[in-house]
Amino acid sequence: MTDTIASIFRNEGSSPAVLTTASSDPQSLTLSYADIRGQCERFRRQAEQLFGSQLPPGTVISSLLPNGLACLLVFLGTTMLRATAAPLNPAMKQEEIEFYLEDAQSKVLVVPSGASELDEGVKAARKLNVPVWTVGWEPQAGLSLAVFGAQAANPSAQHREAAEPPQPDDVALLLHTSGTTGRPKAVPLTHANIAQSMANIAATYQLSPADRSFVVMPLFHVHGLIGALLASLFAGGSVVVPPRFSASSFWQEYTASSATWYSAVPTIHQILLRHDLPNPLPHIRFIRSCSSALAPLVLADLEHKLQAPVLEAYAMTEAAHQMCSNPLPPAVHKPGSVGLPQGVQVAILDDNGAETQLGEVCVRGPNVTPGYLNNPEANAKSFTEARWFRTGDQGYLDADGYLVLTGRIKELINRGGEKISPLELDAVLLKCPGVAEAVSFAVTDQMYGQEVNAAVVPKQGAQISEDSVKLFMADHVAKFKVPKRVFIATDLPRTATGKIQRRVVAEHFAGPQ
């Protein structure tokens with residue numbers, strides 16, 4: 001069906017679909033589309049045997065798996081069962097895992113084979129009486145499911161002849177937003193949401209069977225799962241799935257796999273720029289940047305050194321990932337902009353839902369979630385009567401229709417009534433000699449309500465001071481925008497996907513606000 005994730009199997013055949021790398025487990029393996037479909041069927045048969053019956057549509061299967069073949073197949077196998085996949089970050093602690101398992105009402109937790117009773121996920125599931133399955137890979141047969149501590153299921157056991165195909169309205173994926181305050185919100189994404197997003201992304205970058213994506217983003221988030229992986233399979237291309245991002249092995253494995261593009265957060269781009277680049281450069285059709293703002297200076301450096309167009313995109317979990325992107329050449333891609341709407345409608349609205357020049361970025365389209373799970377209050381705040389989704393980002397559309405973001409509405413620095421964009425200050429800080437990374441943020445101030453602070457990470461071997469950064473800023477921005485304090489740091493706190501959350505950074509450096 002073209003409006004479900006199963007649409008990737010219209011490319012079924014012997015052409016490569018998924019490749020693992022020399023650092024993967026299993027190593028250097030290539031699976032065709034037919035192989036992937038067969039492994040999804042194997043997952044179904046084993047899952048039904050372990051569950052004891054056919055899984056009812058909507059059954060939530062959570063997983064705590066590192067990037068790799070098993071992670072991908074558990075996701076696809078779950079969605080082909082008409083069940084709901086709820087992948088979790090393997091780095092989470094027991095208390096966090098308990099929250100997500102309870103909130104999702106998970107019926108099963110899948111962990112890697114070799115997991116022990118002391119693992120955080122196993123302890124969480126045991127406390128909540130959630131069954132634990134393990135997943136591994138058998139060289140001859142493939143995916144191997146087992147009840148934790150027991151023998152693997154026998155997929156040759158008798159089962160119903162054919163599975164019901166997934167339906168467009170089935171919830172395929174359940175993820176939680178990584179909000180900086182309050183209770184994380186559960187975002188259900190239907191097959192139709194994800195299928196539309198796959199098609200949008202494939203169209204944006206003119207993906208074809210000749211393309212091969214090198215997937216470095218976690219598969220427990222939409223960036224890696226939908227943006228880098230599923231969109232490629234939708235286009236009939238192939239994906240390379242290393243176990244993690246490693247700067248030391250990235251280029252060797254990228255080149256060896258004949259990849260043509262990759263998508264990453266700005267943090268990864270900056271890390272790659274600090275390491276030796278391959279000589280000669282491999283073929284890179286384009287580089288995609290998403291999930292947080294890419295400084296124009298970094299974009300220019302990437303394009304110069306890697307000799308490839310760098311296309312910044314704009315995405316959210318609630319939109320099944322991509323909403324806007326800069327287009328491929330020869331169309332213009334604009335540094336400092338997240339590009340043109342891609343398969344969605346974009347409007348700039350004020351607090352009352354009326355169109356305005358500078359205001360909240362709102363989106364509408366078939367890729368947008370129908371609403372948060374069991375959270376009418378959040379839905380009332382986040383969706384207008386006309387079903388515009390309020391992103392929480394402030395921005396404007398330029399004369400050419402490109403979207404420019406000026407910051408998160410709740411993260412704008414309000415200094416005595418002056419609204420200051422932290423993205424603007426970040427871009428200037430990165431131009432300061434000796435600065436490798438930078439983030440500006442608001443701190444509470446008795447006189448002004450809020451004051452500007454910043455944290456910077458020096459380039460290797462560079463000598464910078466708080467005073468030198470302040471003097472540089474005083475030469476480049478209005479006086480009220482100059483940070484009152486500048487923290488010199490060795491690194492900046494980030495989320496699992498490399499995002500810098502300003503309120504977390506503020507507390508880290510300046511204390512509770």
# chains A, B, ... in the order shown; residues from 1 in each chain; ligands from 1
>>> residues_around(residues="Gln39 in chain A", least_positions_apart="6", cutoff="12 Å", atoms="only C-alpha atoms", output="PyMOL selection string")
chain A and resi 31-33+45-47+69-70+72-78+80+137-138+140-145+155
>>> write_last_selection(atoms="N, CA and C atoms", output="PDB file, in the first residue's frame")
ATOM      1  N   LEU A  31      21.640  -7.000   2.783  1.00  0.00           N
ATOM      2  CA  LEU A  31      20.318  -7.611   2.652  1.00  0.00           C
ATOM      3  C   LEU A  31      19.546  -6.906   1.550  1.00  0.00           C
ATOM      4  N   SER A  32      18.904  -7.690   0.712  1.00  0.00           N
ATOM      5  CA  SER A  32      18.077  -7.146  -0.361  1.00  0.00           C
ATOM      6  C   SER A  32      16.697  -6.778   0.186  1.00  0.00           C
ATOM      7  N   TYR A  33      15.873  -6.163  -0.662  1.00  0.00           N
ATOM      8  CA  TYR A  33      14.506  -5.862  -0.261  1.00  0.00           C
ATOM      9  C   TYR A  33      13.740  -7.154   0.044  1.00  0.00           C
ATOM     10  N   ARG A  45       6.276 -14.300  12.864  1.00  0.00           N
ATOM     11  CA  ARG A  45       6.031 -15.666  13.330  1.00  0.00           C
ATOM     12  C   ARG A  45       6.615 -15.896  14.727  1.00  0.00           C
ATOM     13  N   GLN A  46       7.812 -15.375  14.949  1.00  0.00           N
ATOM     14  CA  GLN A  46       8.415 -15.551  16.273  1.00  0.00           C
ATOM     15  C   GLN A  46       7.658 -14.742  17.327  1.00  0.00           C
ATOM     16  N   ALA A  47       7.274 -13.519  16.981  1.00  0.00           N
ATOM     17  CA  ALA A  47       6.571 -12.659  17.934  1.00  0.00           C
ATOM     18  C   ALA A  47       5.235 -13.276  18.328  1.00  0.00           C
ATOM     19  N   LEU A  69      21.193  -3.625  12.398  1.00  0.00           N
ATOM     20  CA  LEU A  69      20.231  -4.408  11.647  1.00  0.00           C
ATOM     21  C   LEU A  69      19.061  -4.859  12.513  1.00  0.00           C
ATOM     22  N   ALA A  70      19.333  -5.331  13.729  1.00  0.00           N
ATOM     23  CA  ALA A  70      18.265  -5.807  14.600  1.00  0.00           C
ATOM     24  C   ALA A  70      17.295  -4.681  14.935  1.00  0.00           C
ATOM     25  N   LEU A  72      16.576  -2.010  13.167  1.00  0.00           N
ATOM     26  CA  LEU A  72      15.766  -1.722  11.985  1.00  0.00           C
ATOM     27  C   LEU A  72      14.698  -2.784  11.774  1.00  0.00           C
ATOM     28  N   LEU A  73      15.080  -4.060  11.884  1.00  0.00           N
ATOM     29  CA  LEU A  73      14.135  -5.140  11.608  1.00  0.00           C
ATOM     30  C   LEU A  73      13.050  -5.249  12.678  1.00  0.00           C
ATOM     31  N   VAL A  74      13.394  -4.968  13.931  1.00  0.00           N
ATOM     32  CA  VAL A  74      12.371  -4.969  14.974  1.00  0.00           C
ATOM     33  C   VAL A  74      11.342  -3.874  14.694  1.00  0.00           C
ATOM     34  N   PHE A  75      11.805  -2.707  14.266  1.00  0.00           N
ATOM     35  CA  PHE A  75      10.864  -1.636  13.926  1.00  0.00           C
ATOM     36  C   PHE A  75       9.965  -2.048  12.763  1.00  0.00           C
ATOM     37  N   LEU A  76      10.579  -2.468  11.654  1.00  0.00           N
ATOM     38  CA  LEU A  76       9.780  -2.825  10.479  1.00  0.00           C
ATOM     39  C   LEU A  76       8.867  -4.016  10.769  1.00  0.00           C
ATOM     40  N   GLY A  77       9.409  -5.033  11.463  1.00  0.00           N
ATOM     41  CA  GLY A  77       8.598  -6.190  11.788  1.00  0.00           C
ATOM     42  C   GLY A  77       7.401  -5.827  12.638  1.00  0.00           C
ATOM     43  N   THR A  78       7.604  -4.940  13.601  1.00  0.00           N
ATOM     44  CA  THR A  78       6.503  -4.493  14.461  1.00  0.00           C
ATOM     45  C   THR A  78       5.426  -3.786  13.651  1.00  0.00           C
ATOM     46  N   MET A  80       4.796  -3.962  10.436  1.00  0.00           N
ATOM     47  CA  MET A  80       4.122  -4.854   9.498  1.00  0.00           C
ATOM     48  C   MET A  80       3.104  -5.747  10.208  1.00  0.00           C
ATOM     49  N   TRP A 137      21.029 -12.221  16.115  1.00  0.00           N
ATOM     50  CA  TRP A 137      21.128 -12.540  14.686  1.00  0.00           C
ATOM     51  C   TRP A 137      21.824 -13.881  14.522  1.00  0.00           C
ATOM     52  N   GLU A 138      21.153 -14.807  13.839  1.00  0.00           N
ATOM     53  CA  GLU A 138      21.746 -16.100  13.522  1.00  0.00           C
ATOM     54  C   GLU A 138      22.280 -16.059  12.097  1.00  0.00           C
ATOM     55  N   GLN A 140      22.760 -18.023   9.619  1.00  0.00           N
ATOM     56  CA  GLN A 140      22.054 -18.691   8.529  1.00  0.00           C
ATOM     57  C   GLN A 140      20.600 -18.259   8.402  1.00  0.00           C
ATOM     58  N   ALA A 141      19.942 -18.052   9.548  1.00  0.00           N
ATOM     59  CA  ALA A 141      18.492 -17.804   9.519  1.00  0.00           C
ATOM     60  C   ALA A 141      18.119 -16.340   9.648  1.00  0.00           C
ATOM     61  N   GLY A 142      18.916 -15.574  10.387  1.00  0.00           N
ATOM     62  CA  GLY A 142      18.607 -14.164  10.561  1.00  0.00           C
ATOM     63  C   GLY A 142      18.099 -13.830  11.939  1.00  0.00           C
ATOM     64  N   LEU A 143      17.075 -12.985  12.003  1.00  0.00           N
ATOM     65  CA  LEU A 143      16.568 -12.455  13.262  1.00  0.00           C
ATOM     66  C   LEU A 143      16.134 -13.572  14.195  1.00  0.00           C
ATOM     67  N   SER A 144      16.506 -13.431  15.468  1.00  0.00           N
ATOM     68  CA  SER A 144      16.200 -14.477  16.439  1.00  0.00           C
ATOM     69  C   SER A 144      15.622 -13.850  17.698  1.00  0.00           C
ATOM     70  N   LEU A 145      14.329 -14.099  17.956  1.00  0.00           N
ATOM     71  CA  LEU A 145      13.644 -13.593  19.146  1.00  0.00           C
ATOM     72  C   LEU A 145      13.552 -14.674  20.203  1.00  0.00           C
ATOM     73  N   PRO A 155      10.420 -20.286  14.531  1.00  0.00           N
ATOM     74  CA  PRO A 155       9.515 -19.656  13.577  1.00  0.00           C
ATOM     75  C   PRO A 155       8.831 -20.639  12.640  1.00  0.00           C
TER      76      PRO A 155
END
>>> residues_around(residues="Ser258 in chain A", least_positions_apart="6", cutoff="12 Å", atoms="only C-alpha atoms", output="PDB file with C-alpha atoms, in the first residue's frame")
ATOM      1  CA  LEU A  19      24.201  -2.814   4.469  1.00  0.00           C
ATOM      2  CA  THR A  21      29.705  -2.049   8.173  1.00  0.00           C
ATOM      3  CA  ALA A 210      21.210   4.977  -7.188  1.00  0.00           C
ATOM      4  CA  ASP A 211      21.371   6.694  -3.797  1.00  0.00           C
ATOM      5  CA  ARG A 212      22.817   5.189  -0.636  1.00  0.00           C
ATOM      6  CA  SER A 213      22.368   6.895   2.744  1.00  0.00           C
ATOM      7  CA  PHE A 214      24.979   6.540   5.490  1.00  0.00           C
ATOM      8  CA  SER A 238      19.859   1.557   0.066  1.00  0.00           C
ATOM      9  CA  VAL A 239      21.070   2.439   3.539  1.00  0.00           C
ATOM     10  CA  VAL A 240      24.284   1.791   5.458  1.00  0.00           C
ATOM     11  CA  TRP A 251      35.044   8.374   6.288  1.00  0.00           C
ATOM     12  CA  GLN A 252      36.584   4.936   5.891  1.00  0.00           C
ATOM     13  CA  LEU A 281      37.312  13.027  -1.130  1.00  0.00           C
ATOM     14  CA  PRO A 282      34.615  10.391  -1.716  1.00  0.00           C
ATOM     15  CA  HIS A 283      31.588  11.135  -3.867  1.00  0.00           C
ATOM     16  CA  ILE A 284      29.039  13.139  -1.841  1.00  0.00           C
ATOM     17  CA  ARG A 285      25.927  14.133  -3.787  1.00  0.00           C
TER      18      ARG A 285
END
>>> closest_residue(among="A:Thr490, A:Ser15, A:Gln501, A:Ser232", to="Glu411 in chain A", atoms="only C-alpha atoms")
A:Gln501
>>> select_by_dssp(residues="range 424-508 of chain A", states="alpha helix (DSSP H)", output="PDB file with C-alpha atoms, in the first residue's frame")
ATOM      1  CA  GLU A 424      21.519  35.407  16.043  1.00  0.00           C
ATOM      2  CA  LEU A 425      23.963  35.602  18.953  1.00  0.00           C
ATOM      3  CA  ASP A 426      25.176  32.018  18.398  1.00  0.00           C
ATOM      4  CA  ALA A 427      26.083  32.864  14.807  1.00  0.00           C
ATOM      5  CA  VAL A 428      28.106  35.908  15.916  1.00  0.00           C
ATOM      6  CA  LEU A 429      29.838  33.999  18.737  1.00  0.00           C
ATOM      7  CA  GLU A 466      35.582  35.871  28.918  1.00  0.00           C
ATOM      8  CA  ASP A 467      36.784  39.433  28.330  1.00  0.00           C
ATOM      9  CA  SER A 468      38.035  38.710  24.806  1.00  0.00           C
ATOM     10  CA  VAL A 469      34.682  37.212  23.811  1.00  0.00           C
ATOM     11  CA  LYS A 470      32.762  40.130  25.316  1.00  0.00           C
ATOM     12  CA  LEU A 471      34.958  42.642  23.477  1.00  0.00           C
ATOM     13  CA  PHE A 472      34.372  40.812  20.194  1.00  0.00           C
ATOM     14  CA  MET A 473      30.614  40.771  20.759  1.00  0.00           C
ATOM     15  CA  ALA A 474      30.612  44.479  21.661  1.00  0.00           C
ATOM     16  CA  ASP A 475      32.082  45.183  18.207  1.00  0.00           C
ATOM     17  CA  HIS A 476      29.447  43.126  16.408  1.00  0.00           C
ATOM     18  CA  ARG A 502      19.151  26.318  26.165  1.00  0.00           C
ATOM     19  CA  ARG A 503      17.293  25.987  29.435  1.00  0.00           C
ATOM     20  CA  VAL A 504      19.343  22.927  30.326  1.00  0.00           C
ATOM     21  CA  VAL A 505      22.524  24.801  29.400  1.00  0.00           C
ATOM     22  CA  ALA A 506      21.439  27.795  31.494  1.00  0.00           C
ATOM     23  CA  GLU A 507      20.979  25.628  34.570  1.00  0.00           C
ATOM     24  CA  HIS A 508      24.243  23.781  33.887  1.00  0.00           C
TER      25      HIS A 508
END
>>> closest_residue(among="A:Glu437, A:Glu360, A:Glu418, A:Asp170", to="Leu294 in chain A", atoms="only C-alpha atoms")
A:Glu437
>>> atom_distance(atom1="CA of Ala192 in chain A", atom2="CA of Gln167 in chain A")
8.2 Å
>>> decode(residues="range 7-28 of chain A", atoms="N, CA and C atoms", output="short mmCIF file (atom, residue, chain, number, x, y, z; two decimals), in the first residue's frame")
data_model
loop_
_atom_site.label_atom_id
_atom_site.label_comp_id
_atom_site.auth_asym_id
_atom_site.auth_seq_id
_atom_site.Cartn_x
_atom_site.Cartn_y
_atom_site.Cartn_z
N SER A 7 4.89 0.47 1.76
CA SER A 7 5.18 0.94 0.40
C SER A 7 6.65 0.77 0.04
N ILE A 8 7.53 0.63 1.04
CA ILE A 8 8.95 0.42 0.69
C ILE A 8 9.14 -0.91 -0.02
N PHE A 9 8.21 -1.84 0.16
CA PHE A 9 8.38 -3.16 -0.44
C PHE A 9 7.87 -3.23 -1.87
N ARG A 10 7.39 -2.11 -2.41
CA ARG A 10 7.09 -2.10 -3.84
C ARG A 10 8.38 -2.23 -4.64
N ASN A 11 9.53 -1.99 -3.93
CA ASN A 11 10.84 -2.15 -4.55
C ASN A 11 11.39 -3.55 -4.35
N GLU A 12 10.51 -4.48 -3.90
CA GLU A 12 10.99 -5.82 -3.53
C GLU A 12 11.75 -6.47 -4.68
N GLY A 13 12.88 -7.07 -4.35
CA GLY A 13 13.71 -7.73 -5.34
C GLY A 13 15.08 -7.98 -4.77
N SER A 14 16.03 -8.23 -5.67
CA SER A 14 17.38 -8.59 -5.22
C SER A 14 18.29 -7.39 -5.05
N SER A 15 17.79 -6.17 -5.33
CA SER A 15 18.66 -5.00 -5.19
C SER A 15 18.96 -4.75 -3.71
N PRO A 16 20.16 -4.23 -3.39
CA PRO A 16 20.54 -4.01 -1.99
C PRO A 16 19.59 -3.03 -1.30
N ALA A 17 19.26 -3.34 -0.06
CA ALA A 17 18.42 -2.44 0.74
C ALA A 17 19.17 -1.95 1.96
N VAL A 18 19.78 -2.86 2.73
CA VAL A 18 20.44 -2.51 3.98
C VAL A 18 21.83 -3.15 4.01
N LEU A 19 22.82 -2.34 4.35
CA LEU A 19 24.20 -2.81 4.47
C LEU A 19 24.71 -2.52 5.87
N THR A 20 25.41 -3.46 6.46
CA THR A 20 26.11 -3.19 7.71
C THR A 20 27.58 -2.93 7.40
N THR A 21 28.32 -2.45 8.39
CA THR A 21 29.71 -2.05 8.17
C THR A 21 30.67 -3.01 8.87
N ALA A 22 31.96 -2.73 8.71
CA ALA A 22 32.98 -3.57 9.34
C ALA A 22 32.91 -3.49 10.87
N SER A 23 32.35 -2.40 11.39
CA SER A 23 32.24 -2.26 12.85
C SER A 23 30.90 -2.73 13.38
N SER A 24 30.04 -3.27 12.50
CA SER A 24 28.70 -3.70 12.90
C SER A 24 28.71 -5.13 13.41
N ASP A 25 27.59 -5.51 14.00
CA ASP A 25 27.33 -6.90 14.37
C ASP A 25 25.92 -7.24 13.90
N PRO A 26 25.77 -8.04 12.82
CA PRO A 26 26.79 -8.75 12.04
C PRO A 26 27.58 -7.82 11.12
N GLN A 27 28.81 -8.23 10.82
CA GLN A 27 29.72 -7.41 10.04
C GLN A 27 29.44 -7.51 8.54
N SER A 28 29.61 -6.39 7.85
CA SER A 28 29.68 -6.32 6.39
C SER A 28 28.67 -7.22 5.69
#
